[in-house]
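Enquirer: Next comes the structure file my_file27.json, holding JSON, C-alpha atoms and all ligand atoms.
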[["chain", "number", "residue", "atom", "x", "y", "z"],
["F", 181, "MET", "CA", 8.89, 40.53, 133.40],
["F", 182, "GLN", "CA", 9.60, 38.37, 130.42],
["F", 183, "ALA", "CA", 6.65, 37.39, 128.24],
["F", 184, "ALA", "CA", 5.71, 33.75, 128.72],
["F", 185, "SER", "CA", 6.70, 31.59, 125.80],
["F", 186, "THR", "CA", 5.81, 27.93, 125.87],
["F", 187, "PRO", "CA", 7.60, 25.80, 126.65],
["F", 188, "LEU", "CA", 9.77, 28.00, 128.83],
["F", 189, "ALA", "CA", 13.39, 27.12, 128.29],
["F", 190, "PRO", "CA", 15.33, 26.77, 131.53],
["F", 191, "VAL", "CA", 17.38, 29.85, 132.39],
["F", 192, "GLY", "CA", 21.14, 29.76, 132.88],
["F", 193, "LEU", "CA", 23.42, 26.77, 132.54],
["F", 194, "VAL", "CA", 21.35, 23.62, 132.86],
["F", 195, "VAL", "CA", 21.77, 20.06, 131.77],
["F", 196, "ILE", "CA", 18.83, 18.43, 130.06],
["F", 197, "GLN", "CA", 17.78, 14.80, 130.07],
["F", 198, "PRO", "CA", 16.35, 14.65, 126.55],
["F", 199, "SER", "CA", 13.10, 12.83, 125.83],
["F", 200, "ARG", "CA", 14.22, 12.15, 122.24],
["F", 201, "ARG", "CA", 17.38, 10.47, 120.97],
["F", 202, "ARG", "CA", 19.96, 13.19, 120.52],
["F", 203, "HIS", "CA", 23.58, 13.06, 119.44],
["F", 204, "CYS", "CA", 26.36, 15.46, 120.31],
["F", 205, "ALA", "CA", 26.89, 18.20, 117.76],
["F", 206, "GLY", "CA", 30.59, 18.19, 118.64],
["F", 207, "CYS", "CA", 31.78, 14.58, 118.86],
["F", 208, "ARG", "CA", 28.67, 12.92, 117.35],
["F", 209, "ARG", "CA", 28.35, 10.54, 120.30],
["F", 210, "GLY", "CA", 24.91, 9.46, 121.38],
["F", 211, "PRO", "CA", 22.16, 8.93, 122.10],
["F", 212, "LEU", "CA", 22.94, 11.23, 125.01],
["F", 213, "PRO", "CA", 21.49, 10.58, 128.49],
["F", 214, "MET", "CA", 22.24, 14.20, 129.36],
["F", 215, "LEU", "CA", 23.10, 17.16, 127.22],
["F", 216, "VAL", "CA", 23.75, 20.87, 127.20],
["F", 217, "VAL", "CA", 22.22, 23.13, 124.58],
["F", 218, "GLU", "CA", 24.54, 25.72, 123.07],
["F", 219, "ASP", "CA", 23.38, 27.81, 120.12],
["F", 220, "ARG", "CA", 20.40, 25.48, 119.77],
["F", 221, "ALA", "CA", 22.65, 22.47, 119.31],
["F", 222, "PRO", "CA", 23.00, 19.58, 121.80],
["F", 223, "TYR", "CA", 26.43, 18.80, 123.24],
["F", 224, "CYS", "CA", 27.52, 15.92, 125.45],
["F", 225, "LEU", "CA", 28.83, 16.70, 128.93],
["F", 226, "GLY", "CA", 32.39, 15.98, 127.80],
["F", 227, "CYS", "CA", 32.27, 18.54, 124.99],
["F", 228, "ALA", "CA", 30.61, 21.02, 127.38],
["F", 229, "ASP", "CA", 33.50, 20.65, 129.87],
["F", 230, "LEU", "CA", 31.17, 19.07, 132.41],
["F", 231, "GLY", "CA", 32.44, 15.52, 132.04],
["F", 232, "HIS", "CA", 34.08, 15.53, 135.47],
["F", 233, "LEU", "CA", 30.78, 16.08, 137.29],
["F", 234, "VAL", "CA", 28.72, 13.31, 138.90],
["F", 235, "PHE", "CA", 24.93, 13.13, 138.96],
["F", 236, "LEU", "CA", 23.16, 13.39, 142.29],
["F", 237, "PRO", "CA", 19.46, 12.57, 141.87],
["F", 238, "ARG", "CA", 16.96, 14.77, 143.69],
["F", 239, "GLY", "CA", 15.38, 13.47, 146.88],
["F", 240, "ASP", "CA", 17.86, 14.20, 149.66],
["F", 241, "THR", "CA", 17.55, 17.96, 150.15],
["F", 242, "ALA", "CA", 20.22, 18.26, 152.85],
["F", 243, "LEU", "CA", 22.75, 16.31, 150.80],
["F", 244, "THR", "CA", 21.89, 18.27, 147.65],
["F", 245, "ARG", "CA", 22.25, 21.63, 149.39],
["F", 246, "ARG", "CA", 25.59, 20.66, 150.91],
["F", 247, "ALA", "CA", 26.89, 19.08, 147.71],
["F", 248, "ARG", "CA", 26.23, 22.38, 145.90],
["F", 249, "GLU", "CA", 27.93, 24.31, 148.71],
["F", 250, "GLU", "CA", 30.95, 22.01, 148.64],
["F", 251, "SER", "CA", 31.22, 21.86, 144.87],
["F", 252, "GLY", "CA", 33.00, 24.60, 142.95],
["F", 253, "LEU", "CA", 30.66, 23.98, 140.02],
["F", 254, "SER", "CA", 27.15, 22.57, 140.18],
["F", 255, "VAL", "CA", 24.56, 22.37, 137.44],
["F", 256, "VAL", "CA", 20.86, 21.63, 137.72],
["F", 257, "VAL", "CA", 19.59, 18.70, 135.65],
["F", 258, "VAL", "CA", 16.09, 19.00, 134.23],
["F", 259, "ARG", "CA", 13.73, 17.00, 132.08],
["F", 260, "PHE", "CA", 10.77, 18.30, 130.14],
["F", 261, "ASN", "CA", 7.46, 17.01, 131.46],
["F", 262, "ARG", "CA", 5.22, 16.97, 128.40],
["F", 263, "ARG", "CA", 2.02, 16.49, 130.40],
["F", 264, "LYS", "CA", 2.69, 19.46, 132.68],
["F", 265, "GLY", "CA", 4.33, 21.48, 129.91],
["F", 266, "ARG", "CA", 7.37, 22.44, 131.96],
["F", 267, "TYR", "CA", 10.90, 21.47, 132.84],
["F", 268, "GLU", "CA", 11.27, 19.59, 136.10],
["F", 269, "ARG", "CA", 14.38, 19.28, 138.23],
["F", 270, "GLN", "CA", 15.83, 15.76, 138.27],
["F", 271, "GLY", "CA", 18.90, 16.42, 140.35],
["F", 272, "VAL", "CA", 22.24, 18.18, 140.14],
["F", 273, "LEU", "CA", 25.65, 17.55, 138.65],
["F", 274, "VAL", "CA", 28.37, 18.25, 141.19],
["F", 275, "GLU", "CA", 32.09, 17.67, 141.62],
["F", 276, "GLU", "CA", 32.83, 14.26, 143.04],
["F", 277, "ALA", "CA", 35.06, 15.64, 145.81],
["F", 278, "GLY", "CA", 32.31, 18.10, 146.78],
["F", 279, "LEU", "CA", 29.76, 15.30, 146.92],
["F", 280, "ALA", "CA", 32.12, 13.26, 149.12],
["F", 281, "ARG", "CA", 32.54, 16.20, 151.52],
["F", 282, "ALA", "CA", 28.76, 16.71, 151.62],
["F", 283, "GLU", "CA", 28.23, 13.02, 152.36],
["F", 284, "THR", "CA", 30.75, 13.22, 155.19],
["F", 285, "ARG", "CA", 28.91, 16.20, 156.68],
["F", 286, "CYS", "CA", 25.55, 14.41, 156.45],
["F", 287, "LEU", "CA", 27.06, 11.30, 158.05],
["F", 288, "ALA", "CA", 28.50, 13.40, 160.88],
["F", 289, "ASP", "CA", 25.02, 14.83, 161.45],
["F", 290, "ALA", "CA", 23.46, 11.37, 161.53],
["F", 291, "GLU", "CA", 26.11, 10.28, 164.04],
["F", 292, "ALA", "CA", 25.44, 13.35, 166.20],
["F", 293, "ARG", "CA", 21.72, 12.60, 166.14],
["F", 294, "GLY", "CA", 22.43, 9.00, 167.15],
["F", 295, "ARG", "CA", 24.66, 10.11, 170.02],
["F", 296, "ARG", "CA", 22.01, 12.59, 171.20],
["F", 297, "ARG", "CA", 19.35, 9.87, 171.13],
["F", 298, "ALA", "CA", 21.62, 7.57, 173.15],
["F", 299, "ARG", "CA", 22.24, 10.36, 175.70],
["F", 300, "ASP", "CA", 18.49, 11.00, 175.98],
["F", 301, "ALA", "CA", 17.85, 7.29, 176.49],
["F", 302, "ARG", "CA", 20.49, 7.12, 179.24],
["F", 303, "ARG", "CA", 18.99, 10.20, 180.90],
["F", 304, "ARG", "CA", 15.52, 8.65, 180.79],
["F", 305, "ALA", "CA", 16.89, 5.40, 182.23],
["F", 306, "ALA", "CA", 18.53, 7.36, 185.06],
["F", 307, "GLN", "CA", 15.27, 9.18, 185.72],
["F", 308, "ASP", "CA", 13.45, 5.85, 185.78],
["F", 309, "ALA", "CA", 15.98, 4.52, 188.30],
["F", 310, "ARG", "CA", 15.58, 7.57, 190.58],
["F", 311, "PHE", "CA", 11.81, 7.31, 190.28],
["F", 312, "ALA", "CA", 11.88, 3.60, 191.14],
["F", 313, "GLU", "CA", 14.01, 4.32, 194.20],
["F", 314, "ALA", "CA", 11.61, 7.01, 195.49],
["F", 315, "PHE", "CA", 8.63, 4.83, 194.69],
["F", 316, "ALA", "CA", 10.07, 1.86, 196.59],
["F", 317, "ALA", "CA", 10.73, 4.10, 199.60],
["F", 318, "GLU", "CA", 7.12, 5.31, 199.48],
["F", 319, "ILE", "CA", 5.81, 1.74, 199.30],
["F", 320, "LEU", "CA", 7.89, 0.84, 202.38],
["F", 321, "ARG", "CA", 6.59, 3.93, 204.21],
["F", 322, "LEU", "CA", 2.95, 3.02, 203.46],
["F", 323, "PHE", "CA", 3.44, -0.71, 203.98],
["F", 324, "PRO", "CA", 6.18, -1.20, 206.57],
["F", 325, "GLY", "CA", 5.58, -4.95, 206.47],
["F", 326, "CYS", "CA", 6.40, -5.17, 202.75],
["F", 327, "PRO", "CA", 9.75, -6.89, 202.10],
["F", 328, "ARG", "CA", 12.34, -4.54, 200.59],
["F", 329, "ASP", "CA", 12.96, -6.64, 197.49],
["F", 330, "ARG", "CA", 9.23, -6.90, 196.83],
["F", 331, "ALA", "CA", 8.89, -3.10, 197.09],
["F", 332, "ASP", "CA", 11.81, -2.68, 194.65],
["F", 333, "GLU", "CA", 10.20, -5.10, 192.25],
["F", 334, "ILE", "CA", 6.85, -3.28, 192.31],
["F", 335, "ALA", "CA", 8.52, 0.11, 191.94],
["F", 336, "ALA", "CA", 10.75, -1.05, 189.10],
["F", 337, "HIS", "CA", 7.80, -2.46, 187.22],
["F", 338, "ALA", "CA", 5.71, 0.67, 187.75],
["F", 339, "SER", "CA", 8.45, 3.04, 186.69],
["F", 340, "ALA", "CA", 9.46, 1.20, 183.53],
["F", 341, "ARG", "CA", 8.35, 3.42, 180.68],
["F", 342, "GLY", "CA", 5.45, 2.16, 178.67],
["F", 343, "SER", "CA", 4.53, -0.60, 181.12],
["F", 344, "GLY", "CA", 1.04, 0.87, 180.93],
["F", 345, "ARG", "CA", 0.13, -0.85, 184.19],
["F", 346, "VAL", "CA", 0.68, 1.83, 186.76],
["F", 347, "GLY", "CA", 0.88, 5.53, 186.03],
["F", 348, "ARG", "CA", 3.59, 7.70, 187.49],
["F", 349, "SER", "CA", 0.90, 9.62, 189.38],
["F", 350, "ALA", "CA", 0.45, 6.49, 191.47],
["F", 351, "ALA", "CA", 3.52, 7.53, 193.42],
["C", 1, "ZN", "ZN", 30.47, 15.56, 122.51]]
Kindly return the structure encoded in the file as structure tokens.

Expert:
Amino acid sequence: MQAASTPLAPVGLVVIQPSRRRHCAGCRRGPLPMLVVEDRAPYCLGCADLGHLVFLPRGDTALTRRAREESGLSVVVVRFNRRKGRYERQGVLVEEAGLARAETRCLADAEARGRRRARDARRRAAQDARFAEAFAAEILRLFPGCPRDRADEIAAHASARGSGRVGRSAA
């Protein structure tokens, strides 16, 4: 294990959101919102050959994971938290096309979830209808004098989910 030196510099290729105003050691542009440190000198993303990447802020873990999978190159973006004394992940830089593919996959998932919910709702509605039918038949068996439409009405009301009036055990 490596001896702890404070603050621990991030390992590997990372992009840093600097807390101080920094200018690029290559093209002198700045202040830089994001930079890469090479040989202790800050460089802008353009000079570091990362200018084609887009920033995806942290927060959506599924999208982030997929964007990194779909992107040929992805780089973690960190910022130093002075209070906690460590670098914290702010998001990732990914290829725009990779991000687009990841967004498409997440959208497809959301659509699939929506379709599943709709199927479940239809199934529940069908179950409610079958239950209402059986319930109405039972009402007519117990009360032969009850008009058919009245029995249907009672059964439909009782079997509607969340009516809270009559439990299903009443059947
Ligand atoms: Zn530069």

Enquirer: Let me have all residues with an atom within 9 Å of ligand ZN 1 (chain C), counting only C-alpha atoms and all ligand atoms, laid out as a ChimeraX atom specification.

Expert: /F:203-210,215,222-228

Enquirer: Which polymer residues, protein or nucleic acid, are no farther than 8 Å from (6.4, -0.7, 197.0), counting all atoms listed in the file, as an mmCIF file with C-alpha atoms, in the coordinates of the input?

Expert:
data_model
loop_
_atom_site.group_PDB
_atom_site.id
_atom_site.type_symbol
_atom_site.label_atom_id
_atom_site.label_comp_id
_atom_site.auth_asym_id
_atom_site.auth_seq_id
_atom_site.Cartn_x
_atom_site.Cartn_y
_atom_site.Cartn_z
ATOM 1 C CA PHE F 315 8.630 4.830 194.690
ATOM 2 C CA ALA F 316 10.070 1.860 196.590
ATOM 3 C CA ALA F 317 10.730 4.100 199.600
ATOM 4 C CA GLU F 318 7.120 5.310 199.480
ATOM 5 C CA ILE F 319 5.810 1.740 199.300
ATOM 6 C CA LEU F 320 7.890 0.840 202.380
ATOM 7 C CA PHE F 323 3.440 -0.710 203.980
ATOM 8 C CA CYS F 326 6.400 -5.170 202.750
ATOM 9 C CA ARG F 328 12.340 -4.540 200.590
ATOM 10 C CA ARG F 330 9.230 -6.900 196.830
ATOM 11 C CA ALA F 331 8.890 -3.100 197.090
ATOM 12 C CA ASP F 332 11.810 -2.680 194.650
ATOM 13 C CA GLU F 333 10.200 -5.100 192.250
ATOM 14 C CA ILE F 334 6.850 -3.280 192.310
ATOM 15 C CA ALA F 335 8.520 0.110 191.940
#

Enquirer: Around (28.7, 14.8, 150.6) in the file's frame, which residues reach within 12 Å when counting only C-alpha atoms? Return as JSON, numbers by chain?

Expert: {"F": [234, 236, 240, 241, 242, 243, 244, 245, 246, 247, 248, 249, 250, 251, 274, 275, 276, 277, 278, 279, 280, 281, 282, 283, 284, 285, 286, 287, 288, 289]}

Enquirer: Could you work out how far CA of Gly271 in chain F lies from CA of Val255 in chain F, giving the answer in Å with one decimal?

Expert: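 These atoms are spaced 8.7 Å apart.
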
Enquirer: Using only the atoms of range 197-211 of chain F listed in the file, plus 6 Å on each side, state the axis-aligned box centre and edge lengths in Å rounded to one decimal, as AutoDock Vina command-line options.

Expert:
--center_x 22.4 --center_y 13.6 --center_z 123.7 --size_x 30.7 --size_y 21.3 --size_z 24.7

Enquirer: Grab the CA of Arg266 in chain F to CA of Arg201 in chain F distance for me, in Å with one decimal place.

Expert: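 Straight-line distance from CA of Arg266 in chain F to CA of Arg201 in chain F works out to 19.1 Å.
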
Enquirer: Just to confirm, what's the straight-line distance from CA of Ala338 in chain F to CA of Gly294 in chain F in Å (one decimal)?

Expert: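 Calculated distance between CA of Ala338 in chain F and CA of Gly294 in chain F is 27.8 Å.
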
Enquirer: If we count all atoms listed in the file, what is near range 297-310 of chain F at a cut-off of 9 Å, once residues fewer than 3 positions away on the same chain are taken out, given as a ChimeraX atom specification?

Expert: /F:292-294,313-315,336,339-341

Enquirer: From the set F:Val256, F:Ala312, F:Ala290, F:Leu322, which residue has the shortest atom-to-atom contact distance to Leu233 in chain F, counting all atoms listed in the file?

Expert: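 Ranking F:Val256, F:Ala312, F:Ala290, F:Leu322 by distance to Leu233 in chain F, first place goes to F:Val256.
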
Enquirer: Between F:Asn261, F:Pro237, F:Val195, F:Arg202, which is the closest to Val217 in chain F once you count all atoms listed in the file?

Expert: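 Closest candidate: F:Val195.
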